[in-house]
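Q: First the structure, which I've put down as structure tokens, then a few questions once you've had a look.
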There are 2 protein chains.
Amino acid sequence: MYRTVTCGELRLSDAGKTVTLAGWVQRIRKMGGMTFIDLRDRYGLTQLAFNQQDNADIFAEANRLGREYVLQVTGKVSERYAKNPQMPTGDIEIMVDKLNVLNPALTPPFTIEDESDGGDDLRMKYRYLDLRRQCVRRNLELRHKFAFEVRRYLDEHGFLEVETPVLVNSTPEGARDFVVPSRMNKGQFYALPQSPQTLKQLLMVSGFDRYFQIVKCFRDEDLRADRQPEFTQIDCEMSFVEQEDILQMFEGMTRHLFKTLKGLDIPQLPRMTWADAMKYYGSDKPDLRFEMRFVELMDVLKGHVFSVFDNAAYIGGICCKGAAHYTRKQIDALTEFVKRPQIGAKGLVYARVEQDGTVKSSVDKFYSQEVLQEMKKAMQAEAGDLILILSGDDAMRTRKQLCELRLEMGSQLGLRDKNKFACLWVIDFPMYEWSDEEQRLMAMHHPFTSPKPEDIPLLDTDPAAVRANAYDMVINGVEVGGGSIRIHDAKLQEKVFEILGFTPEQAQTKFGFLMNAFKYGAPPHGGLAYGLDRFVSLFAGLDSIRDCIAFPKNNQGRDVMLGAPGIIDQVQFDELGIQIVRNEE
Amino acid sequence: MYRTVTCGELRLSDAGKTVTLAGWVQRIRKMGGMTFIDLRDRYGLTQLAFNQQDNADIFAEANRLGREYVLQVTGKVSERYAKNPQMPTGDIEIMVDKLNVLNPALTPPFTIEDESDGGDDLRMKYRYLDLRRQCVRRNLELRHKFAFEVRRYLDEHGFLEVETPVLVNSTPEGARDFVVPSRMNKGQFYALPQSPQTLKQLLMVSGFDRYFQIVKCFRDEDLRADRQPEFTQIDCEMSFVEQEDILQMFEGMTRHLFKTLKGLDIPQLPRMTWADAMKYYGSDKPDLRFEMRFVELMDVLKGHVFSVFDNAAYIGGICCKGAAHYTRKQIDALTEFVKRPQIGAKGLVYARVEQDGTVKSSVDKFYSQEVLQEMKKAMQAEAGDLILILSGDDAMRTRKQLCELRLEMGSQLGLRDKNKFACLWVIDFPMYEWSDEEQRLMAMHHPFTSPKPEDIPLLDTDPAAVRANAYDMVINGVEVGGGSIRIHDAKLQEKVFEILGFTPEQAQTKFGFLMNAFKYGAPPHGGLAYGLDRFVSLFAGLDSIRDCIAFPKNNQGRDVMLGAPGIIDQVQFDELGIQIVRNEE
């Protein structure tokens with residue numbers, strides 16, 4: 001060992017001891033005859049003191065050191081003259097009498113501080129230096145603890161972690177696969193798994209009863225800000241269970257994680273149907289850190305000559321408590337916000353509730369104070385509140401617009417505190433959603449999802465109305481996980497495929513693999529998967545999942561530090577029997 | 001929940017309770033007016049009893065069931081008339097009064113028993129049925145516990161599990177990479193990691209101090225019996241440590257695993273230098289469950305007219321205790337064994353020590369009893385022992401042949417009990433080994449491995465004699481893990497590259513990536529990696545790592561159950577900008 005103690009552990013009670021530390025130079029402060037160095041390791045910072053009078057040689061050497069040099073020092077722990085109550089080791093310093101430069105360091109291209117001067121691209125290129133910053137490393141420490149506690153909880157509940165293969169086959173009906181050419185089977189390709197969905201269902205057929213895996217999954221999709229081509233799932237499946245069993249089990253896990261990692265006792269998770277979530281929040285992942293529910297205003301505001309509303313298929317408002325002080329300029333900005341193409345509203349109607357209770361709105365010329373008071377009542381608005389209203393000719397689309405406005409107002413009003421957590425289950429998702437593109441019903445979750453038993457008769461009469469035994473766990477407006485009870489009855493599965501527009505032959509071609517396994521005795525089963533990156537980000541209060549991934553890729557799917565992807569040798573092409581298609585000029 | 005209890009938990013004290021169970025039909029025994037079914041789940045077997053007199057309908061239904069049907073049954077726990085002490089639940093049975101067939105099952109293509117009638121290929125094709133066999137599932141349960149205890153130990157010792165990416169860049173100087181064409185960066189490829197070696201070293205540069213990861217690694221090599229294209233490593237690295245620290249830490253982990261998983265207190269691991277391992281066992285991974293050390297017999301047996309020995313560069317023997325009873329036929333078989341091309345010895349000399357102490361050998365005509373007695377003494381042989389001797393003109397090659405013979409004799413004499421464990425560290429590996437093919441010295445471990453400090457002067461004078469700070473953990477003749485202290489001094493690294501025949505420019509091209517990172521302050525560091533599959537196999541007493549992998553691939557790298565690898569669509573080729581090279585006829 002190069003050290004007897006770490007840089008995080010010395011306290012005043014250690015004064016007088018001779019210790020050896022090793023770490024990196026965080027800061028050097030030269031003050032005449034004294035030089036102070038903050039030595040850093042994963043565990044903390046410790047101040048080293050060099051006194052010209054005591055030891056001129058070491059003092060001179062210390063003055064030649066630079067940031068990020070790697071040192072090994074030995075010295076006596078001494079009480080500090082000027083203590084630093086911000087630092088756990090702030091009561092002491094080391095009077096160094098042996099200094100060993102383990103490695104010099106070039107000056108890093110950005111400062112290794114929580115507030116760094118390095119831009120994103122630079123920090124990604126030198127990610128190994130970026131990871132030295134305490135704020136970044138702490139996220140990865142949290143990620144380690146998070147995964148460990150997930151495993152502890154699931155192990156205690158009888159789940160077995162089973163590793164499924166990474167080199168698998170291409171999956172029908174999913175996102176785009178990454179593929180891997182096979183050298184031993186030329187012309188054939190493996191695919192990297194988008195999830196171990198079919199394999200975990202096979203493990204249920206095998207009688208594994210309770211399975212989980214923290215596992216890398218892969219999707220070759222165009223990357224949005226918060227997507228990575230490789231991501232990590234907490235993938236779980238149970239046999240002989242109903243939806244309620246799964247909700248209980250994983251609510252328990254979430255509670256365990258909040259308790260052990262954040263010290264929080266979270267209340268029982270409320271459950272909201274998908275229909276209610278869409279109706280009251282315009283989203284299947286409502287952020288319940290704040291209320292601001294949608295109130296439908298069709299009855300109140302229709303039929304008063306205002307043609308925009310009169311022609312609308314939906315009129316809905318939100319009541320922003322205490323926001324009547326919003327200026328015209330602020331409201332104009334909100335109007336611009338909802339009119340952005342990403343949101344697509346045509347305009348925004350607002351109404352302020354004055355101190356005297358009267359309502360002043362942007363559509364006063366169409367509405368009497370009486371109607372406005374009726375609206376105020378419907379909105380449960382009080383003096384000082386701001387009412388914001390959207391309308392449109394497509395109810396679902398308008399609700400989604402209103403959802404964006406609600407979230408924006410939540411942010412502006414400081415109602416989305418990262419240290420506050422609002423968890424819920426969204427349940428009763430529809431089985432199917434209509435695809436304009438494909439002109440057919442599509443499985444909302446996946447085609448093995450079971451309908452709610454009471455809705456099975458509707459499969460024949462009104463399939464679009466069938467609700468699934470599918471559920472999502474939502475925290476602070478983020479879908480952290482989701483899953484479903486699977487179909488284990490062959491006849492029901494056939495019917496579901498039929499509604500999806502598959503002939504029995506097509507179903508066999510696409511899903512025969514799993515269906516055949518089911519013929520040998522499939523138990524009732526179901527499960528869910530969490531996005532680990534997203535779940536950890538939430539716990540860490542991060543804006544992007546990248547910040548809790550050690551070596552993330554950028555939006556072009558590149559690891560700029562590794563220089564991946566890169567070119568390969570002709571030998572490799574030859575061995576694999578593939579070549580690049582050159583575009584003819 | 002479909003059940004109130006599992007099939008493994010009911011005992012006599014539960015008699016009288018009404019319970020619900022769910023599981024698979026293991027066996028049906030029809031005995032006139034009674035039918036018995038063993039119901040199976042992951043947790044055990046429970047006997048169900050159906051009595052024609054009590055309930056003729058259910059009795060009739062039970063008689064229509066087949067093997068592997070999935071049932072839910074409710075009934076009263078009753079004391080059995082004929083108890084089965086072999087089964088934990090053997091004191092009771094369930095008098096079934098409700099039977100619900102959750103799913104029927106086709107007759108499986110092989111018996112779901114520990115001793116199955118299914119061949120390897122068939123069982124792999126229906127791996128989901130093979131995994132129903134208790135003996136197979138138990139290996140995966142052990143694997144789960146093994147990984148969990150590894151994590152628990154390392155977490156307790158301050159290690160952080162950090163996930164490194166799967167889509168990386170191609171590594172210089174390793175085995176063959178699997179590559180993944182990039183759609184977003186056409187013409188470029190990711191590689192799947194052979195190990196996270198460089199990334200874990202970067203994490204040390206980042207100050208992570210103690211890292212581990214249980215991680216999938218990939219090598220596109222031609223597969224031997226005990227190799228898989230994807231395999232799992234327990235990958236570890238520590239900073240500010242010397243070799244001794246690493247040996248202590250991971251010896252502790254091994255002890256923890258034996259204690260918690262096998263209930264065994266293993267003694268302190270002996271350490272053997274690579275030189276001694278080769279000298280006494282002809283292998284860098286000696287099986288120390290039995291002694292049978294090599295004894296060099298050059299001094300004793302040379303110069304006695306027997307030209308085979310006189311011309312040999314090496315003559316060595318092993319003493320097989322109590323094996324003098326070996327018949328001529330058995331010894332002929334051993335001779336054939338060592339002459340097989342895989343081993344390549346020219347012949348085998350043997351000598352029996354008779355009850356009266358005289359030695360009878362196959363080369364009696366060349367040697368006097370006096371010389372033979374001298375040999376007996378050198379071999380520490382006693383009455384009843386069998387001495388087996390190999391010679392050859394290449395000492396190392398002959399030792400390896402003698403190693404094979406020693407292992408074979410160990411097996412034949414029952415000295416390689418799977419329930420006995422002999423662990424050791426092999427240390428002081430050479431830095432370099434000569435490659436006839438490349439006509440240069442090659443790194444024995446990898447080029448970042450540190451030489452032993454006391455051998456650094458030899459780098460200039462006799463590099464082939466330089467020993468490395470590299471070590472392997474060996475259990476029962478299997479290398480379960482290995483690693484090294486890495487070089488952290490730039491000048492030393494340059495010298496090591498020079499000896500490997502790289503110009504500074506070549507070194508920069510091949511390893512610049514990591515070397516550049518090192519310039520920003522690399523701490524002294526080192527680590528090791530275990531092969532999880534192999535380690536678990538050893539604990540489970542398996543002959544092949546396949547048996548502890550849920551979905552293994554065959555020798556052609558195929559997953560016959562999934563049908564992977566497979567063909568992909570033209571759309572996928574187009575998106576990736578690649579095509580298959582068709583051989584011109």
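The way I read the labels, and the way they are meant: chains A, B, ... in the order of the structure tokens, residue 1 as the first residue of every chain, and ligand 1 as the first ligand shown, with later ones counted on from there.
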Looking only at strand (DSSP E or B) from DSSP on the backbone, list the matching residues of stretch 203-344 of chain B as a VMD selection string.

A: chain B and resid 210 to 218 230 to 239 271 to 273 295 to 296 314 to 320

Q: Output the selection as a PDB file, in the first residue's frame - N, CA and C atoms for each residue.

A:
ATOM      1  N   ARG B 210     -10.922   2.040  -6.375  1.00  0.00           N
ATOM      2  CA  ARG B 210     -11.239   0.612  -6.349  1.00  0.00           C
ATOM      3  C   ARG B 210     -12.439   0.376  -7.257  1.00  0.00           C
ATOM      4  N   TYR B 211     -12.202  -0.330  -8.321  1.00  0.00           N
ATOM      5  CA  TYR B 211     -13.251  -0.586  -9.322  1.00  0.00           C
ATOM      6  C   TYR B 211     -13.468  -2.076  -9.452  1.00  0.00           C
ATOM      7  N   PHE B 212     -14.709  -2.450  -9.703  1.00  0.00           N
ATOM      8  CA  PHE B 212     -14.945  -3.800 -10.199  1.00  0.00           C
ATOM      9  C   PHE B 212     -16.147  -3.779 -11.118  1.00  0.00           C
ATOM     10  N   GLN B 213     -16.311  -4.870 -11.824  1.00  0.00           N
ATOM     11  CA  GLN B 213     -17.460  -5.030 -12.696  1.00  0.00           C
ATOM     12  C   GLN B 213     -17.605  -6.508 -13.023  1.00  0.00           C
ATOM     13  N   ILE B 214     -18.819  -6.987 -12.938  1.00  0.00           N
ATOM     14  CA  ILE B 214     -19.104  -8.323 -13.464  1.00  0.00           C
ATOM     15  C   ILE B 214     -19.652  -8.068 -14.851  1.00  0.00           C
ATOM     16  N   VAL B 215     -18.903  -8.463 -15.852  1.00  0.00           N
ATOM     17  CA  VAL B 215     -19.122  -7.892 -17.183  1.00  0.00           C
ATOM     18  C   VAL B 215     -18.935  -8.932 -18.286  1.00  0.00           C
ATOM     19  N   LYS B 216     -19.790  -8.815 -19.304  1.00  0.00           N
ATOM     20  CA  LYS B 216     -19.667  -9.673 -20.479  1.00  0.00           C
ATOM     21  C   LYS B 216     -18.491  -9.214 -21.332  1.00  0.00           C
ATOM     22  N   CYS B 217     -17.702 -10.192 -21.772  1.00  0.00           N
ATOM     23  CA  CYS B 217     -16.598  -9.908 -22.677  1.00  0.00           C
ATOM     24  C   CYS B 217     -16.749 -10.817 -23.893  1.00  0.00           C
ATOM     25  N   PHE B 218     -16.059 -10.471 -24.969  1.00  0.00           N
ATOM     26  CA  PHE B 218     -16.327 -11.111 -26.251  1.00  0.00           C
ATOM     27  C   PHE B 218     -15.015 -11.415 -26.967  1.00  0.00           C
ATOM     28  N   GLU B 230     -19.030 -15.310 -25.940  1.00  0.00           N
ATOM     29  CA  GLU B 230     -19.256 -14.302 -24.911  1.00  0.00           C
ATOM     30  C   GLU B 230     -19.112 -14.976 -23.556  1.00  0.00           C
ATOM     31  N   PHE B 231     -18.405 -14.325 -22.676  1.00  0.00           N
ATOM     32  CA  PHE B 231     -18.123 -14.912 -21.370  1.00  0.00           C
ATOM     33  C   PHE B 231     -18.127 -13.783 -20.356  1.00  0.00           C
ATOM     34  N   THR B 232     -18.159 -14.145 -19.090  1.00  0.00           N
ATOM     35  CA  THR B 232     -18.335 -13.133 -18.060  1.00  0.00           C
ATOM     36  C   THR B 232     -17.106 -13.051 -17.173  1.00  0.00           C
ATOM     37  N   GLN B 233     -16.628 -11.849 -16.986  1.00  0.00           N
ATOM     38  CA  GLN B 233     -15.464 -11.626 -16.135  1.00  0.00           C
ATOM     39  C   GLN B 233     -15.851 -10.886 -14.859  1.00  0.00           C
ATOM     40  N   ILE B 234     -15.163 -11.218 -13.787  1.00  0.00           N
ATOM     41  CA  ILE B 234     -15.170 -10.357 -12.610  1.00  0.00           C
ATOM     42  C   ILE B 234     -13.903  -9.533 -12.742  1.00  0.00           C
ATOM     43  N   ASP B 235     -14.081  -8.293 -13.115  1.00  0.00           N
ATOM     44  CA  ASP B 235     -12.957  -7.464 -13.507  1.00  0.00           C
ATOM     45  C   ASP B 235     -12.682  -6.463 -12.379  1.00  0.00           C
ATOM     46  N   CYS B 236     -11.440  -6.389 -11.922  1.00  0.00           N
ATOM     47  CA  CYS B 236     -11.132  -5.566 -10.733  1.00  0.00           C
ATOM     48  C   CYS B 236      -9.860  -4.769 -10.928  1.00  0.00           C
ATOM     49  N   GLU B 237      -9.811  -3.611 -10.325  1.00  0.00           N
ATOM     50  CA  GLU B 237      -8.593  -2.801 -10.374  1.00  0.00           C
ATOM     51  C   GLU B 237      -8.513  -1.934  -9.125  1.00  0.00           C
ATOM     52  N   MET B 238      -7.288  -1.721  -8.645  1.00  0.00           N
ATOM     53  CA  MET B 238      -7.071  -0.921  -7.432  1.00  0.00           C
ATOM     54  C   MET B 238      -5.916   0.048  -7.662  1.00  0.00           C
ATOM     55  N   SER B 239      -5.989   1.187  -7.001  1.00  0.00           N
ATOM     56  CA  SER B 239      -4.900   2.161  -7.091  1.00  0.00           C
ATOM     57  C   SER B 239      -4.094   2.198  -5.809  1.00  0.00           C
ATOM     58  N   ARG B 271       1.879 -19.884  -2.293  1.00  0.00           N
ATOM     59  CA  ARG B 271       2.331 -19.154  -3.475  1.00  0.00           C
ATOM     60  C   ARG B 271       3.462 -19.926  -4.117  1.00  0.00           C
ATOM     61  N   MET B 272       3.401 -20.046  -5.379  1.00  0.00           N
ATOM     62  CA  MET B 272       4.419 -20.792  -6.099  1.00  0.00           C
ATOM     63  C   MET B 272       4.892 -19.921  -7.241  1.00  0.00           C
ATOM     64  N   THR B 273       6.202 -19.848  -7.418  1.00  0.00           N
ATOM     65  CA  THR B 273       6.677 -19.065  -8.557  1.00  0.00           C
ATOM     66  C   THR B 273       6.352 -19.821  -9.841  1.00  0.00           C
ATOM     67  N   VAL B 295      10.260 -35.244 -10.433  1.00  0.00           N
ATOM     68  CA  VAL B 295      11.635 -35.341  -9.940  1.00  0.00           C
ATOM     69  C   VAL B 295      12.530 -35.450 -11.162  1.00  0.00           C
ATOM     70  N   GLU B 296      13.492 -34.550 -11.242  1.00  0.00           N
ATOM     71  CA  GLU B 296      14.402 -34.595 -12.380  1.00  0.00           C
ATOM     72  C   GLU B 296      15.400 -35.717 -12.156  1.00  0.00           C
ATOM     73  N   TYR B 314      16.026 -33.516 -21.019  1.00  0.00           N
ATOM     74  CA  TYR B 314      15.294 -33.583 -19.754  1.00  0.00           C
ATOM     75  C   TYR B 314      14.825 -35.004 -19.527  1.00  0.00           C
ATOM     76  N   ILE B 315      15.010 -35.476 -18.294  1.00  0.00           N
ATOM     77  CA  ILE B 315      14.418 -36.750 -17.872  1.00  0.00           C
ATOM     78  C   ILE B 315      13.725 -36.477 -16.544  1.00  0.00           C
ATOM     79  N   GLY B 316      12.435 -36.784 -16.484  1.00  0.00           N
ATOM     80  CA  GLY B 316      11.732 -36.518 -15.230  1.00  0.00           C
ATOM     81  C   GLY B 316      10.746 -37.622 -14.930  1.00  0.00           C
ATOM     82  N   GLY B 317      10.517 -37.834 -13.643  1.00  0.00           N
ATOM     83  CA  GLY B 317       9.595 -38.899 -13.269  1.00  0.00           C
ATOM     84  C   GLY B 317       8.582 -38.435 -12.247  1.00  0.00           C
ATOM     85  N   ILE B 318       7.511 -39.188 -12.187  1.00  0.00           N
ATOM     86  CA  ILE B 318       6.526 -38.986 -11.123  1.00  0.00           C
ATOM     87  C   ILE B 318       6.353 -40.305 -10.400  1.00  0.00           C
ATOM     88  N   CYS B 319       6.100 -40.203  -9.113  1.00  0.00           N
ATOM     89  CA  CYS B 319       5.912 -41.393  -8.312  1.00  0.00           C
ATOM     90  C   CYS B 319       4.431 -41.533  -7.982  1.00  0.00           C
ATOM     91  N   CYS B 320       3.814 -42.597  -8.526  1.00  0.00           N
ATOM     92  CA  CYS B 320       2.388 -42.813  -8.302  1.00  0.00           C
ATOM     93  C   CYS B 320       2.243 -43.785  -7.139  1.00  0.00           C
TER      94      CYS B 320
END

Q: Using only C-alpha atoms, find the one residue out of B:Asp177, B:Glu251, B:Glu242, B:Asp310 that sits nearest to B:Met473.

A: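 Closest to B:Met473 of all the choices is B:Glu251.
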
Q: Quick one: residues within 9 Å of stretch 55-60 of chain B, only C-alpha atoms counted, chain neighbours fewer than 3 positions away excluded, as a PyMOL selection string?

A: chain B and resi 33-35+49-52+63-64+96-99

Q: Measuring atom to atom with only C-alpha atoms, identify which of A:Gly44, A:Val25, A:Tyr153, A:Asp356 is nearest to A:Ala62.

A: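 When distances to A:Ala62 are compared using only C-alpha atoms, the smallest one comes from A:Val25.
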
Q: Have a look at A:Met561, A:Leu257, A:Leu407, A:Ile92 and name the one nearest to chain B; count only C-alpha atoms.

A: A:Met561

Q: Determine, counting only C-alpha atoms, which protein, DNA and RNA residues have an atom within 6 Å of an atom of stretch 548-556 of chain B; residues of the same chain fewer than 5 positions away are not included. Present the result as an MDAnalysis selection string.

A: chainID B and resid 139:140 223

Q: Restricting the calculation to only C-alpha atoms: of A:Gly526, A:Pro447, A:Gly531, A:Gly541, which residue gets closest to A:Gln493?

A: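 Of all the options, A:Pro447 lies closest to A:Gln493.
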
Q: Taking the DSSP secondary structure from the backbone, can you list the residues of stretch 342-435 of chain B that are alpha helix (DSSP H), as a list in words?

A: Gln369, Glu370, Val371, Leu372, Gln373, Glu374, Met375, Lys376, Lys377, Ala378, Ala395, Met396, Arg397, Thr398, Arg399, Lys400, Gln401, Leu402, Cys403, Glu404, Leu405, Arg406, Leu407, Glu408, Met409, Gly410, Ser411 and Gln412 of chain B

Q: Could you turn the residues from that selection into a file that holds C-alpha atoms, as a short mmCIF file (atom, residue, chain, number, x, y, z; two decimals), in the first residue's frame?

A:
data_model
loop_
_atom_site.label_atom_id
_atom_site.label_comp_id
_atom_site.auth_asym_id
_atom_site.auth_seq_id
_atom_site.Cartn_x
_atom_site.Cartn_y
_atom_site.Cartn_z
CA GLN B 369 19.50 -52.58 -9.51
CA GLU B 370 21.92 -50.20 -7.83
CA VAL B 371 21.05 -47.36 -10.19
CA LEU B 372 17.40 -48.24 -9.95
CA GLN B 373 17.63 -48.07 -6.18
CA GLU B 374 19.26 -44.68 -6.51
CA MET B 375 16.36 -43.60 -8.67
CA LYS B 376 13.88 -45.02 -6.16
CA LYS B 377 15.54 -42.90 -3.52
CA ALA B 378 15.45 -39.78 -5.66
CA ALA B 395 12.87 -29.70 -21.42
CA MET B 396 9.79 -27.47 -21.43
CA ARG B 397 7.94 -29.63 -23.90
CA THR B 398 8.76 -32.79 -21.97
CA ARG B 399 7.58 -31.22 -18.73
CA LYS B 400 4.26 -30.37 -20.34
CA GLN B 401 3.93 -33.99 -21.47
CA LEU B 402 4.75 -35.18 -17.98
CA CYS B 403 2.11 -32.76 -16.68
CA GLU B 404 -0.53 -34.46 -18.82
CA LEU B 405 0.57 -37.85 -17.56
CA ARG B 406 0.51 -36.62 -13.96
CA LEU B 407 -3.06 -35.31 -14.37
CA GLU B 408 -4.15 -38.54 -16.01
CA MET B 409 -2.65 -40.59 -13.17
CA GLY B 410 -4.27 -38.24 -10.65
CA SER B 411 -7.63 -38.94 -12.30
CA GLN B 412 -7.03 -42.69 -12.54
#

Q: Between A:Gln572, A:Ser362, A:Gln439, A:Asn469, which one has atoms that come closest to chain B, using only C-alpha atoms?

A: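 Looking only at the distances to chain B, the closest residue turns out to be A:Gln572.
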
Q: Compile the contact shell of A:Gly557 as a PyMOL selection string: residues with an atom at most 10 Å away, counting only C-alpha atoms, same-chain residues fewer than 3 positions apart removed.

A: (chain A and resi 220-223+227-230+552-554+560+564-565) or (chain B and resi 167+182-185)

Q: Save the residues we just selected, N, CA, C and O atoms, as a JSON list (two decimals), in the first residue's frame?

A:
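The result, written out as again_25.json:
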[["chain", "number", "residue", "atom", "x", "y", "z"],
["A", 220, "ASP", "N", -30.55, 0.82, -32.01],
["A", 220, "ASP", "CA", -29.91, 1.67, -33.01],
["A", 220, "ASP", "C", -30.93, 2.69, -33.50],
["A", 220, "ASP", "O", -31.46, 2.58, -34.60],
["A", 221, "GLU", "N", -31.19, 3.66, -32.66],
["A", 221, "GLU", "CA", -32.16, 4.69, -33.02],
["A", 221, "GLU", "C", -31.44, 6.01, -33.13],
["A", 221, "GLU", "O", -30.38, 6.21, -32.55],
["A", 222, "ASP", "N", -32.08, 6.96, -33.83],
["A", 222, "ASP", "CA", -31.52, 8.29, -33.86],
["A", 222, "ASP", "C", -31.67, 8.85, -32.46],
["A", 222, "ASP", "O", -32.71, 8.71, -31.82],
["A", 223, "LEU", "N", -30.59, 9.44, -31.98],
["A", 223, "LEU", "CA", -30.52, 9.71, -30.55],
["A", 223, "LEU", "C", -31.07, 11.09, -30.21],
["A", 223, "LEU", "O", -30.67, 12.08, -30.78],
["A", 227, "ARG", "N", -31.23, 9.80, -24.82],
["A", 227, "ARG", "CA", -31.16, 8.40, -25.25],
["A", 227, "ARG", "C", -29.72, 8.03, -25.50],
["A", 227, "ARG", "O", -28.94, 8.84, -25.96],
["A", 228, "GLN", "N", -29.41, 6.79, -25.24],
["A", 228, "GLN", "CA", -28.08, 6.27, -25.52],
["A", 228, "GLN", "C", -28.26, 5.00, -26.35],
["A", 228, "GLN", "O", -29.22, 4.27, -26.13],
["A", 229, "PRO", "N", -27.34, 4.73, -27.29],
["A", 229, "PRO", "CA", -27.48, 3.48, -28.06],
["A", 229, "PRO", "C", -27.38, 2.24, -27.17],
["A", 229, "PRO", "O", -27.98, 1.23, -27.44],
["A", 230, "GLU", "N", -26.61, 2.33, -26.10],
["A", 230, "GLU", "CA", -26.61, 1.23, -25.13],
["A", 230, "GLU", "C", -27.06, 1.80, -23.79],
["A", 230, "GLU", "O", -26.67, 2.88, -23.39],
["A", 552, "PRO", "N", -20.32, 7.80, -21.66],
["A", 552, "PRO", "CA", -21.49, 7.89, -22.54],
["A", 552, "PRO", "C", -21.09, 8.19, -23.99],
["A", 552, "PRO", "O", -19.96, 8.58, -24.26],
["A", 553, "LYS", "N", -22.05, 8.01, -24.86],
["A", 553, "LYS", "CA", -21.84, 8.36, -26.27],
["A", 553, "LYS", "C", -22.58, 9.67, -26.57],
["A", 553, "LYS", "O", -23.55, 10.01, -25.88],
["A", 554, "ASN", "N", -22.13, 10.35, -27.60],
["A", 554, "ASN", "CA", -22.79, 11.61, -27.94],
["A", 554, "ASN", "C", -23.98, 11.35, -28.87],
["A", 554, "ASN", "O", -24.33, 10.20, -29.14],
["A", 560, "VAL", "N", -16.26, 9.90, -28.09],
["A", 560, "VAL", "CA", -15.17, 10.73, -28.62],
["A", 560, "VAL", "C", -13.86, 10.46, -27.89],
["A", 560, "VAL", "O", -12.79, 10.71, -28.42],
["A", 564, "ALA", "N", -14.61, 5.73, -30.93],
["A", 564, "ALA", "CA", -15.44, 4.65, -31.45],
["A", 564, "ALA", "C", -16.76, 5.24, -31.96],
["A", 564, "ALA", "O", -17.27, 6.16, -31.34],
["A", 565, "PRO", "N", -17.33, 4.74, -33.06],
["A", 565, "PRO", "CA", -16.78, 3.67, -33.89],
["A", 565, "PRO", "C", -15.58, 4.15, -34.71],
["A", 565, "PRO", "O", -15.34, 5.34, -34.82],
["B", 167, "LEU", "N", -20.18, -1.06, -26.66],
["B", 167, "LEU", "CA", -19.81, -0.63, -28.01],
["B", 167, "LEU", "C", -18.55, 0.22, -27.89],
["B", 167, "LEU", "O", -18.62, 1.40, -27.52],
["B", 182, "SER", "N", -21.69, 0.62, -37.78],
["B", 182, "SER", "CA", -22.42, 1.79, -37.31],
["B", 182, "SER", "C", -23.27, 2.36, -38.44],
["B", 182, "SER", "O", -22.77, 2.61, -39.54],
["B", 183, "ARG", "N", -24.55, 2.55, -38.16],
["B", 183, "ARG", "CA", -25.45, 3.12, -39.16],
["B", 183, "ARG", "C", -25.26, 4.63, -39.23],
["B", 183, "ARG", "O", -25.27, 5.23, -40.30],
["B", 184, "MET", "N", -25.07, 5.24, -38.05],
["B", 184, "MET", "CA", -24.96, 6.70, -38.01],
["B", 184, "MET", "C", -23.60, 7.17, -38.50],
["B", 184, "MET", "O", -23.44, 8.33, -38.85],
["B", 185, "ASN", "N", -22.62, 6.29, -38.46],
["B", 185, "ASN", "CA", -21.27, 6.62, -38.93],
["B", 185, "ASN", "C", -20.89, 5.55, -39.95],
["B", 185, "ASN", "O", -20.13, 4.64, -39.67]]

Q: Write out as an mmCIF file with N, CA and C atoms, in the first residue's frame the residues lying within 6 Å of stretch 5-7 of chain B, counting only C-alpha atoms and excluding same-chain residues fewer than 4 positions away.

A:
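And here is the file that came out, selection_33.cif:
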data_model
loop_
_atom_site.group_PDB
_atom_site.id
_atom_site.type_symbol
_atom_site.label_atom_id
_atom_site.label_comp_id
_atom_site.auth_asym_id
_atom_site.auth_seq_id
_atom_site.Cartn_x
_atom_site.Cartn_y
_atom_site.Cartn_z
ATOM 1 N N LEU B 21 -51.375 -24.565 -4.487
ATOM 2 C CA LEU B 21 -50.054 -24.702 -5.096
ATOM 3 C C LEU B 21 -50.166 -24.531 -6.599
ATOM 4 N N ASP B 41 -42.078 -27.134 -8.741
ATOM 5 C CA ASP B 41 -41.721 -25.753 -9.071
ATOM 6 C C ASP B 41 -40.261 -25.581 -8.704
ATOM 7 N N TYR B 43 -38.892 -24.594 -6.228
ATOM 8 C CA TYR B 43 -38.551 -24.786 -4.827
ATOM 9 C C TYR B 43 -38.638 -26.245 -4.378
ATOM 10 N N GLY B 44 -39.211 -27.096 -5.198
ATOM 11 C CA GLY B 44 -39.278 -28.495 -4.821
ATOM 12 C C GLY B 44 -40.412 -29.255 -5.489
ATOM 13 N N LEU B 45 -40.716 -30.401 -4.894
ATOM 14 C CA LEU B 45 -41.781 -31.279 -5.383
ATOM 15 C C LEU B 45 -42.768 -31.509 -4.249
ATOM 16 N N THR B 46 -44.047 -31.535 -4.574
ATOM 17 C CA THR B 46 -45.055 -31.885 -3.576
ATOM 18 C C THR B 46 -45.991 -32.912 -4.193
#
